[in-house]
Amino acid sequence: MTTHDSYNESDGVAVDGHPDDTAIDTGRLVRGDSDARRLAWVYLSRVVEGPCAALSSLIESVGVVEAARAVRECALPDVLRGPTELRRGIDQAAEDLALMERLGGRVVTPDDAEWPAWRMLGLRQLDPEQDEAAAVPLVLWVRGPRSLSDSTERAVAVVGARCSTGYGNHATGEIAGELAARGWTVVSGAAFGIDGMAHRAALAVGGSTIAVLGCGVDRPYPVQHDHLLAEIAASGLVVSEYPPGTSARKHHFLARNRLIAALADTVVVVEAGARSGARNTVKWTRRLGRPALAVPGPITSAASVGCHRMIREGEAFLVTSAADILDEAGPLRLSLPATVPSSPEENLSDDEALVYAALPGVGSRLVRSLMVETGLALPMVRATLSALEIVGLVACDESGWYRLARSTPVGAEAIVAEHDRHR
């Protein structure tokens, strides 16, 4: 082998112009790793088709590529054998990516800059033992020209009855249209009634709107909204956690509701009957710690019974206009300490102090390692890390969780600073 004094690492060519077989194409290695991760994310998304807290935990523990290998080989804990058994042999990730490209869409993974990590933070704190859908989506299948992270910076979800009344349609048009005209993204589920009206009102004023589906983004649901969804995809975003070709099923919509809640600053219910699914979206909103709002209707209207009940029972605040909604939706108001305590353990709960103490002064730790070291359950470790992140004591990157320098701003300022750093 010929030895050269030096070579250009970017292209593997020696300075004297001759190829050097010792050179390493680092760019190709990086691209290869990125491609492998993307294929792994897409493969796993099709295997489970929807939220799977156990799989998310495995990915967080060993990484997405290793998790995909474990699923293919069925080298899994018992809790994951059932959810992955039916489709683990279906590996069409490359075909799925090609299909999305033909559709003018894309797959957004947690590795991508477009991933709405700020919005997903709330879902990471939920306990999947309380609700099996309480998990961050593995990926999001997206159609539309806008950035998902940018579009959800200021967003309001507007939902309600499928069998809406003239009053409900009018109120939705006024509210959603004004929100969109003020630069807020209108998020909804593209269903008949209030959802469809909310999307149309945003489109009518040239605003931004996001339709979150309970089926693949290549399958318009309901079918009668084919044209509406095409309009949304042309100027806004159509989003789903379900792979292309996935049919709509009842349990998909209950899981879909948590994404509608997660992608918005608040959820507004314009009309809701006594058994409306909009109440499920309100449940997720409250669990995420965000305000739920409801528009009152005529006391004689069956379409407003659900709204009146939520207002009466304290599940939602009464609003009658876009101005009322924006008063509740933002800006973010958090009751957090203004400074870091003189000692990290001061004013922390027992679990928070335990997890914080387990983080090294230099370097980082993965969640699984912290779980073993502290003896806390995995959901509790995740929730505790999120609480420490909110008050500016810790942060995370691809290597894991680490302590922030004591000079780092805390409270809401820390959240914004860390959010901006990753944009």
# chains A, B, ... in the order shown; residues from 1 in each chain; ligands from 1
call {"tool": "residues_around", "arguments": {"residues": "Glu178 in chain A", "least_positions_apart": "5", "cutoff": "12 Å", "atoms": "only C-alpha atoms", "output": "count of residues only"}}
result
23
call {"tool": "residues_around", "arguments": {"residues": "range 120-135 of chain A", "least_positions_apart": "4", "cutoff": "10 Å", "atoms": "only C-alpha atoms", "output": "NGL selection string"}}
result
:A and (50-57 or 110 or 115-116 or 251-252 or 254-259 or 261-263 or 284-285 or 287-290 or 378-387 or 390)
call {"tool": "select_by_dssp", "arguments": {"residues": "range 209-358 of chain A", "states": "alpha helix (DSSP H)", "output": "PyMOL selection string"}}
result
chain A and resi 226-235+250-262+278-287+305-312+322-329+350-358
call {"tool": "select_by_dssp", "arguments": {"residues": "range 201-358 of chain A", "states": "strand (DSSP E or B)", "output": "count of residues only"}}
result
17
call {"tool": "residues_around", "arguments": {"residues": "Val62 in chain A", "least_positions_apart": "5", "cutoff": "12 Å", "atoms": "only C-alpha atoms", "output": "PyMOL selection string"}}
result
chain A and resi 55-57+67-70+76+366-369+399-400
call {"tool": "write_last_selection", "arguments": {"atoms": "all heavy atoms", "output": "compact mmCIF listing (two decimals), in the first residue's frame"}}
result
# COMPACT_ATOMS: atom_id res chain seq x y z
N LEU A 55 -42.26 0.13 23.23
CA LEU A 55 -41.28 0.25 22.16
C LEU A 55 -40.51 1.57 22.28
O LEU A 55 -39.30 1.62 22.05
CB LEU A 55 -41.95 0.15 20.80
CG LEU A 55 -41.04 0.21 19.58
CD1 LEU A 55 -39.94 -0.83 19.66
CD2 LEU A 55 -41.85 0.04 18.29
N SER A 56 -41.21 2.64 22.64
CA SER A 56 -40.53 3.92 22.84
C SER A 56 -39.47 3.80 23.94
O SER A 56 -38.38 4.37 23.83
CB SER A 56 -41.55 5.01 23.21
OG SER A 56 -42.43 5.27 22.14
N SER A 57 -39.79 3.06 25.00
CA SER A 57 -38.83 2.85 26.08
C SER A 57 -37.61 2.07 25.60
O SER A 57 -36.48 2.38 25.97
CB SER A 57 -39.50 2.10 27.24
OG SER A 57 -40.54 2.87 27.81
N ALA A 67 -33.02 -1.26 18.39
CA ALA A 67 -34.40 -1.65 18.68
C ALA A 67 -35.03 -2.33 17.47
O ALA A 67 -35.75 -3.33 17.61
CB ALA A 67 -35.22 -0.43 19.09
N ALA A 68 -34.77 -1.81 16.28
CA ALA A 68 -35.30 -2.43 15.07
C ALA A 68 -34.73 -3.83 14.88
O ALA A 68 -35.45 -4.77 14.50
CB ALA A 68 -34.98 -1.56 13.84
N ARG A 69 -33.44 -4.01 15.15
CA ARG A 69 -32.84 -5.34 15.06
C ARG A 69 -33.50 -6.30 16.05
O ARG A 69 -33.82 -7.45 15.72
CB ARG A 69 -31.34 -5.27 15.34
CG ARG A 69 -30.62 -6.62 15.20
CD ARG A 69 -29.32 -6.63 15.96
NE ARG A 69 -29.52 -6.48 17.39
CZ ARG A 69 -29.95 -7.47 18.19
NH1 ARG A 69 -30.22 -8.66 17.69
NH2 ARG A 69 -30.10 -7.24 19.48
N ALA A 70 -33.72 -5.83 17.28
CA ALA A 70 -34.34 -6.68 18.30
C ALA A 70 -35.75 -7.10 17.90
O ALA A 70 -36.17 -8.24 18.13
CB ALA A 70 -34.36 -5.94 19.63
N LEU A 76 -36.90 -9.81 22.36
CA LEU A 76 -37.66 -8.77 23.03
C LEU A 76 -38.17 -9.21 24.39
O LEU A 76 -38.39 -10.40 24.62
CB LEU A 76 -38.87 -8.38 22.16
CG LEU A 76 -38.57 -7.79 20.79
CD1 LEU A 76 -39.84 -7.78 19.95
CD2 LEU A 76 -38.03 -6.37 20.93
N LEU A 366 -28.04 8.07 30.00
CA LEU A 366 -29.27 7.68 29.35
C LEU A 366 -30.34 7.39 30.39
O LEU A 366 -30.03 7.10 31.55
CB LEU A 366 -29.06 6.45 28.47
CG LEU A 366 -28.13 6.64 27.25
CD1 LEU A 366 -27.88 5.31 26.57
CD2 LEU A 366 -28.74 7.63 26.27
N VAL A 367 -31.59 7.46 29.97
CA VAL A 367 -32.70 7.27 30.89
C VAL A 367 -32.64 5.90 31.56
O VAL A 367 -32.87 5.76 32.75
CB VAL A 367 -34.05 7.46 30.16
CG1 VAL A 367 -35.21 7.11 31.08
CG2 VAL A 367 -34.19 8.89 29.69
N ARG A 368 -32.32 4.88 30.78
CA ARG A 368 -32.26 3.53 31.33
C ARG A 368 -31.21 3.44 32.44
O ARG A 368 -31.43 2.80 33.47
CB ARG A 368 -31.96 2.53 30.22
CG ARG A 368 -31.89 1.08 30.66
CD ARG A 368 -33.24 0.53 31.02
NE ARG A 368 -34.16 0.53 29.89
CZ ARG A 368 -35.38 0.03 29.94
NH1 ARG A 368 -35.82 -0.51 31.06
NH2 ARG A 368 -36.17 0.07 28.90
N SER A 369 -30.06 4.08 32.24
CA SER A 369 -29.02 4.08 33.26
C SER A 369 -29.48 4.77 34.53
O SER A 369 -29.23 4.31 35.64
CB SER A 369 -27.76 4.76 32.71
OG SER A 369 -26.78 4.91 33.71
N SER A 399 -26.54 12.35 23.24
CA SER A 399 -25.76 11.49 24.14
C SER A 399 -26.50 11.16 25.43
O SER A 399 -26.08 10.28 26.18
CB SER A 399 -24.43 12.17 24.48
OG SER A 399 -24.65 13.34 25.25
N GLY A 400 -27.57 11.86 25.71
CA GLY A 400 -28.34 11.60 26.92
C GLY A 400 -28.64 12.86 27.70
O GLY A 400 -28.56 13.97 27.18
call {"tool": "closest_residue", "arguments": {"among": "A:Val282, A:Leu103, A:Ala264, A:Cys74", "to": "Ala233 in chain A", "atoms": "only C-alpha atoms"}}
result
A:Leu103
call {"tool": "residues_around", "arguments": {"residues": "Gly273 in chain A", "least_positions_apart": "4", "cutoff": "8 Å", "atoms": "only C-alpha atoms", "output": "CSV table (one decimal) with N, CA and C atoms, in the first residue's frame"}}
result
chain,number,residue,atom,x,y,z
A,161,ALA,N,-68.5,18.9,17.4
A,161,ALA,CA,-69.4,17.9,17.0
A,161,ALA,C,-69.4,17.7,15.5
A,302,ALA,N,-79.1,20.5,21.9
A,302,ALA,CA,-78.5,19.3,22.2
A,302,ALA,C,-77.0,19.2,21.8
A,303,ALA,N,-76.7,20.0,20.8
A,303,ALA,CA,-75.3,20.0,20.3
A,303,ALA,C,-74.3,20.8,21.2
A,304,SER,N,-74.9,21.5,22.2
A,304,SER,CA,-74.0,22.2,23.1
A,304,SER,C,-74.1,21.6,24.5
A,305,VAL,N,-74.7,20.5,24.8
A,305,VAL,CA,-74.8,19.9,26.1
A,305,VAL,C,-73.5,19.6,26.6
A,306,GLY,N,-72.6,19.0,25.8
A,306,GLY,CA,-71.3,18.7,26.2
A,306,GLY,C,-70.4,19.9,26.6
A,307,CYS,N,-70.5,21.0,25.9
A,307,CYS,CA,-69.8,22.2,26.2
A,307,CYS,C,-70.3,22.7,27.6
call {"tool": "closest_residue", "arguments": {"among": "A:Ala272, A:Cys396, A:Val65, A:Leu44", "to": "Ile90 in chain A", "atoms": "only C-alpha atoms"}}
result
A:Leu44
